[in-house]
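Below: one structure, written as structure tokens.
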Amino acid sequence: MQVECILNRDLSHQDARDIALIWQAIWPADVPDVDLAAEQLIQQGDDYAGPAAQSPRFFVIRPGGA
């Protein structure tokens, strides 16, 4: 198992969509459109203007790795 810390501004579209799918499974009423939620995640990363140390981030667990 490989754990990655990905800053919001560095999210790929696939990672953003995968995160949105998980959110939809947990909170279906809050995430009715996965693709829209994924685009919002990408936009939030693009729009963030605060300190880098406080940038929103996600921890992503992937199979395999070292």
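Letters A, B, ... go to the chains of the structure tokens in the order shown; residues in each chain start at 1; ligands are counted from 1 in the same order.
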Discussion item. List the spatial neighbours of range 41-47 of chain A as number ranges by chain - criterion: any atom at most 9 Å away, only C-alpha atoms, same-chain residues fewer than 2 positions off excluded.
Written reply: A: 7-13, 16-17, 20, 36-39, 49, 55-57
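Of note, CA of Pro63 in chain A and CA of Gln24 in chain A are spaced 21.4 Å apart.
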Give the helix (DSSP H, G or I) residues of chain A, as assigned by DSSP on the backbone, as a PDB file with N, CA, C and O atoms, in the first residue's frame.
ATOM      1  N   ASN A   8      -4.122  20.081  -3.024  1.00  0.00           N
ATOM      2  CA  ASN A   8      -5.313  20.294  -3.835  1.00  0.00           C
ATOM      3  C   ASN A   8      -4.942  20.837  -5.213  1.00  0.00           C
ATOM      4  O   ASN A   8      -5.492  20.421  -6.218  1.00  0.00           O
ATOM      5  N   ARG A   9      -3.993  21.747  -5.286  1.00  0.00           N
ATOM      6  CA  ARG A   9      -3.631  22.358  -6.576  1.00  0.00           C
ATOM      7  C   ARG A   9      -2.951  21.366  -7.520  1.00  0.00           C
ATOM      8  O   ARG A   9      -2.833  21.616  -8.710  1.00  0.00           O
ATOM      9  N   ASP A  10      -2.492  20.218  -6.977  1.00  0.00           N
ATOM     10  CA  ASP A  10      -1.801  19.219  -7.789  1.00  0.00           C
ATOM     11  C   ASP A  10      -2.670  18.010  -8.121  1.00  0.00           C
ATOM     12  O   ASP A  10      -2.181  17.042  -8.704  1.00  0.00           O
ATOM     13  N   HIS A  13      -7.289  15.092 -12.608  1.00  0.00           N
ATOM     14  CA  HIS A  13      -8.738  14.978 -12.773  1.00  0.00           C
ATOM     15  C   HIS A  13      -9.220  13.612 -12.302  1.00  0.00           C
ATOM     16  O   HIS A  13     -10.293  13.501 -11.700  1.00  0.00           O
ATOM     17  N   GLN A  14      -8.431  12.564 -12.543  1.00  0.00           N
ATOM     18  CA  GLN A  14      -8.833  11.224 -12.110  1.00  0.00           C
ATOM     19  C   GLN A  14      -8.860  11.129 -10.588  1.00  0.00           C
ATOM     20  O   GLN A  14      -9.794  10.568 -10.017  1.00  0.00           O
ATOM     21  N   ASP A  15      -7.841  11.673  -9.915  1.00  0.00           N
ATOM     22  CA  ASP A  15      -7.838  11.651  -8.448  1.00  0.00           C
ATOM     23  C   ASP A  15      -9.015  12.448  -7.893  1.00  0.00           C
ATOM     24  O   ASP A  15      -9.671  12.021  -6.936  1.00  0.00           O
ATOM     25  N   ALA A  16      -9.294  13.606  -8.486  1.00  0.00           N
ATOM     26  CA  ALA A  16     -10.419  14.431  -8.021  1.00  0.00           C
ATOM     27  C   ALA A  16     -11.735  13.671  -8.202  1.00  0.00           C
ATOM     28  O   ALA A  16     -12.596  13.680  -7.312  1.00  0.00           O
ATOM     29  N   ARG A  17     -11.884  12.973  -9.313  1.00  0.00           N
ATOM     30  CA  ARG A  17     -13.109  12.208  -9.552  1.00  0.00           C
ATOM     31  C   ARG A  17     -13.216  11.040  -8.571  1.00  0.00           C
ATOM     32  O   ARG A  17     -14.300  10.755  -8.057  1.00  0.00           O
ATOM     33  N   ASP A  18     -12.111  10.358  -8.314  1.00  0.00           N
ATOM     34  CA  ASP A  18     -12.129   9.249  -7.353  1.00  0.00           C
ATOM     35  C   ASP A  18     -12.511   9.728  -5.953  1.00  0.00           C
ATOM     36  O   ASP A  18     -13.285   9.071  -5.250  1.00  0.00           O
ATOM     37  N   ILE A  19     -11.986  10.868  -5.553  1.00  0.00           N
ATOM     38  CA  ILE A  19     -12.337  11.452  -4.247  1.00  0.00           C
ATOM     39  C   ILE A  19     -13.816  11.802  -4.220  1.00  0.00           C
ATOM     40  O   ILE A  19     -14.520  11.511  -3.251  1.00  0.00           O
ATOM     41  N   ALA A  20     -14.308  12.409  -5.296  1.00  0.00           N
ATOM     42  CA  ALA A  20     -15.726  12.770  -5.364  1.00  0.00           C
ATOM     43  C   ALA A  20     -16.625  11.535  -5.304  1.00  0.00           C
ATOM     44  O   ALA A  20     -17.698  11.561  -4.688  1.00  0.00           O
ATOM     45  N   LEU A  21     -16.194  10.435  -5.916  1.00  0.00           N
ATOM     46  CA  LEU A  21     -16.972   9.189  -5.852  1.00  0.00           C
ATOM     47  C   LEU A  21     -17.070   8.668  -4.422  1.00  0.00           C
ATOM     48  O   LEU A  21     -18.138   8.201  -4.000  1.00  0.00           O
ATOM     49  N   ILE A  22     -15.979   8.755  -3.687  1.00  0.00           N
ATOM     50  CA  ILE A  22     -16.000   8.327  -2.280  1.00  0.00           C
ATOM     51  C   ILE A  22     -16.933   9.234  -1.487  1.00  0.00           C
ATOM     52  O   ILE A  22     -17.744   8.761  -0.687  1.00  0.00           O
ATOM     53  N   TRP A  23     -16.813  10.534  -1.702  1.00  0.00           N
ATOM     54  CA  TRP A  23     -17.694  11.476  -0.992  1.00  0.00           C
ATOM     55  C   TRP A  23     -19.159  11.183  -1.303  1.00  0.00           C
ATOM     56  O   TRP A  23     -20.004  11.234  -0.423  1.00  0.00           O
ATOM     57  N   GLN A  24     -19.451  10.889  -2.581  1.00  0.00           N
ATOM     58  CA  GLN A  24     -20.835  10.609  -2.954  1.00  0.00           C
ATOM     59  C   GLN A  24     -21.350   9.352  -2.260  1.00  0.00           C
ATOM     60  O   GLN A  24     -22.509   9.291  -1.862  1.00  0.00           O
ATOM     61  N   ALA A  25     -20.493   8.357  -2.101  1.00  0.00           N
ATOM     62  CA  ALA A  25     -20.903   7.130  -1.418  1.00  0.00           C
ATOM     63  C   ALA A  25     -21.227   7.395   0.048  1.00  0.00           C
ATOM     64  O   ALA A  25     -22.114   6.758   0.622  1.00  0.00           O
ATOM     65  N   ILE A  26     -20.524   8.357   0.650  1.00  0.00           N
ATOM     66  CA  ILE A  26     -20.725   8.664   2.065  1.00  0.00           C
ATOM     67  C   ILE A  26     -21.840   9.687   2.259  1.00  0.00           C
ATOM     68  O   ILE A  26     -22.671   9.554   3.158  1.00  0.00           O
ATOM     69  N   VAL A  34     -20.976  13.770  -9.437  1.00  0.00           N
ATOM     70  CA  VAL A  34     -19.560  13.464  -9.187  1.00  0.00           C
ATOM     71  C   VAL A  34     -18.643  14.335 -10.037  1.00  0.00           C
ATOM     72  O   VAL A  34     -17.636  14.858  -9.550  1.00  0.00           O
ATOM     73  N   ASP A  35     -18.974  14.483 -11.313  1.00  0.00           N
ATOM     74  CA  ASP A  35     -18.099  15.265 -12.194  1.00  0.00           C
ATOM     75  C   ASP A  35     -18.046  16.735 -11.784  1.00  0.00           C
ATOM     76  O   ASP A  35     -16.974  17.347 -11.814  1.00  0.00           O
ATOM     77  N   LEU A  36     -19.169  17.286 -11.357  1.00  0.00           N
ATOM     78  CA  LEU A  36     -19.186  18.666 -10.875  1.00  0.00           C
ATOM     79  C   LEU A  36     -18.357  18.795  -9.598  1.00  0.00           C
ATOM     80  O   LEU A  36     -17.569  19.743  -9.456  1.00  0.00           O
ATOM     81  N   ALA A  37     -18.490  17.848  -8.690  1.00  0.00           N
ATOM     82  CA  ALA A  37     -17.703  17.879  -7.455  1.00  0.00           C
ATOM     83  C   ALA A  37     -16.203  17.784  -7.761  1.00  0.00           C
ATOM     84  O   ALA A  37     -15.395  18.485  -7.151  1.00  0.00           O
ATOM     85  N   ALA A  38     -15.844  16.954  -8.720  1.00  0.00           N
ATOM     86  CA  ALA A  38     -14.433  16.827  -9.100  1.00  0.00           C
ATOM     87  C   ALA A  38     -13.916  18.144  -9.673  1.00  0.00           C
ATOM     88  O   ALA A  38     -12.809  18.594  -9.328  1.00  0.00           O
ATOM     89  N   GLU A  39     -14.703  18.781 -10.528  1.00  0.00           N
ATOM     90  CA  GLU A  39     -14.290  20.069 -11.090  1.00  0.00           C
ATOM     91  C   GLU A  39     -14.160  21.135 -10.004  1.00  0.00           C
ATOM     92  O   GLU A  39     -13.269  21.978 -10.061  1.00  0.00           O
ATOM     93  N   GLN A  40     -15.042  21.097  -9.014  1.00  0.00           N
ATOM     94  CA  GLN A  40     -14.955  22.049  -7.907  1.00  0.00           C
ATOM     95  C   GLN A  40     -13.677  21.833  -7.101  1.00  0.00           C
ATOM     96  O   GLN A  40     -13.056  22.806  -6.665  1.00  0.00           O
ATOM     97  N   LEU A  41     -13.280  20.574  -6.909  1.00  0.00           N
ATOM     98  CA  LEU A  41     -12.023  20.305  -6.206  1.00  0.00           C
ATOM     99  C   LEU A  41     -10.840  20.889  -6.967  1.00  0.00           C
ATOM    100  O   LEU A  41      -9.952  21.522  -6.376  1.00  0.00           O
ATOM    101  N   ILE A  42     -10.821  20.684  -8.276  1.00  0.00           N
ATOM    102  CA  ILE A  42      -9.743  21.233  -9.110  1.00  0.00           C
ATOM    103  C   ILE A  42      -9.754  22.760  -9.027  1.00  0.00           C
ATOM    104  O   ILE A  42      -8.708  23.399  -8.860  1.00  0.00           O
ATOM    105  N   GLN A  43     -10.935  23.352  -9.116  1.00  0.00           N
ATOM    106  CA  GLN A  43     -11.051  24.816  -9.072  1.00  0.00           C
ATOM    107  C   GLN A  43     -10.595  25.369  -7.726  1.00  0.00           C
ATOM    108  O   GLN A  43      -9.928  26.409  -7.664  1.00  0.00           O
ATOM    109  N   GLN A  44     -10.943  24.694  -6.639  1.00  0.00           N
ATOM    110  CA  GLN A  44     -10.503  25.146  -5.315  1.00  0.00           C
ATOM    111  C   GLN A  44      -8.983  25.172  -5.234  1.00  0.00           C
ATOM    112  O   GLN A  44      -8.398  26.093  -4.661  1.00  0.00           O
ATOM    113  N   GLY A  45      -8.335  24.166  -5.806  1.00  0.00           N
ATOM    114  CA  GLY A  45      -6.877  24.148  -5.820  1.00  0.00           C
ATOM    115  C   GLY A  45      -6.309  25.276  -6.647  1.00  0.00           C
ATOM    116  O   GLY A  45      -5.334  25.927  -6.266  1.00  0.00           O
ATOM    117  N   ASP A  46      -6.940  25.539  -7.790  1.00  0.00           N
ATOM    118  CA  ASP A  46      -6.477  26.625  -8.665  1.00  0.00           C
ATOM    119  C   ASP A  46      -6.678  27.994  -8.017  1.00  0.00           C
ATOM    120  O   ASP A  46      -5.887  28.911  -8.225  1.00  0.00           O
ATOM    121  N   ASP A  47      -7.740  28.129  -7.224  1.00  0.00           N
ATOM    122  CA  ASP A  47      -8.085  29.421  -6.631  1.00  0.00           C
ATOM    123  C   ASP A  47      -7.389  29.702  -5.303  1.00  0.00           C
ATOM    124  O   ASP A  47      -7.394  30.846  -4.841  1.00  0.00           O
ATOM    125  N   ALA A  52       1.433  28.266   1.447  1.00  0.00           N
ATOM    126  CA  ALA A  52       1.604  26.904   0.933  1.00  0.00           C
ATOM    127  C   ALA A  52       1.478  25.857   2.046  1.00  0.00           C
ATOM    128  O   ALA A  52       0.940  24.779   1.829  1.00  0.00           O
ATOM    129  N   ALA A  53       1.965  26.196   3.229  1.00  0.00           N
ATOM    130  CA  ALA A  53       1.916  25.245   4.343  1.00  0.00           C
ATOM    131  C   ALA A  53       0.484  24.946   4.779  1.00  0.00           C
ATOM    132  O   ALA A  53       0.234  23.926   5.427  1.00  0.00           O
ATOM    133  N   GLN A  54      -0.454  25.812   4.421  1.00  0.00           N
ATOM    134  CA  GLN A  54      -1.853  25.611   4.808  1.00  0.00           C
ATOM    135  C   GLN A  54      -2.728  25.233   3.621  1.00  0.00           C
ATOM    136  O   GLN A  54      -3.950  25.211   3.725  1.00  0.00           O
TER     137      GLN A  54
END
Practice prompt. Tell me which protein, DNA and RNA residues are within 6 Å of range 1-6 of chain A, counting only C-alpha atoms, leaving out same-chain ones fewer than 4 positions away, and put them as an NGL selection string.
Written response: :A and (57-65)
Can you write just those residues out, N, CA, C and O atoms, as an mmCIF file, in the first residue's frame?
data_model
loop_
_atom_site.group_PDB
_atom_site.id
_atom_site.type_symbol
_atom_site.label_atom_id
_atom_site.label_comp_id
_atom_site.auth_asym_id
_atom_site.auth_seq_id
_atom_site.Cartn_x
_atom_site.Cartn_y
_atom_site.Cartn_z
ATOM 1 N N ARG A 57 -5.156 19.683 1.229
ATOM 2 C CA ARG A 57 -4.478 18.488 0.724
ATOM 3 C C ARG A 57 -5.322 17.255 0.980
ATOM 4 O O ARG A 57 -6.220 17.271 1.801
ATOM 5 N N PHE A 58 -4.997 16.210 0.271
ATOM 6 C CA PHE A 58 -5.684 14.930 0.416
ATOM 7 C C PHE A 58 -4.636 13.852 0.618
ATOM 8 O O PHE A 58 -3.553 13.913 0.052
ATOM 9 N N PHE A 59 -4.984 12.870 1.406
ATOM 10 C CA PHE A 59 -4.140 11.690 1.549
ATOM 11 C C PHE A 59 -4.805 10.587 0.740
ATOM 12 O O PHE A 59 -5.961 10.249 0.962
ATOM 13 N N VAL A 60 -4.067 10.073 -0.227
ATOM 14 C CA VAL A 60 -4.591 9.083 -1.154
ATOM 15 C C VAL A 60 -3.846 7.776 -0.923
ATOM 16 O O VAL A 60 -2.622 7.752 -0.864
ATOM 17 N N ILE A 61 -4.613 6.708 -0.761
ATOM 18 C CA ILE A 61 -4.034 5.383 -0.549
ATOM 19 C C ILE A 61 -4.192 4.604 -1.857
ATOM 20 O O ILE A 61 -5.288 4.480 -2.381
ATOM 21 N N ARG A 62 -3.072 4.095 -2.330
ATOM 22 C CA ARG A 62 -3.081 3.335 -3.578
ATOM 23 C C ARG A 62 -2.558 1.920 -3.315
ATOM 24 O O ARG A 62 -1.716 1.726 -2.463
ATOM 25 N N PRO A 63 -3.047 0.950 -4.064
ATOM 26 C CA PRO A 63 -2.523 -0.405 -3.896
ATOM 27 C C PRO A 63 -1.092 -0.501 -4.419
ATOM 28 O O PRO A 63 -0.672 0.316 -5.249
ATOM 29 N N GLY A 64 -0.355 -1.461 -3.930
ATOM 30 C CA GLY A 64 1.018 -1.667 -4.370
ATOM 31 C C GLY A 64 1.975 -0.697 -3.720
ATOM 32 O O GLY A 64 1.702 -0.152 -2.664
ATOM 33 N N GLY A 65 3.087 -0.440 -4.382
ATOM 34 C CA GLY A 65 4.073 0.490 -3.827
ATOM 35 C C GLY A 65 5.016 -0.213 -2.882
ATOM 36 O O GLY A 65 4.956 -1.413 -2.660
#
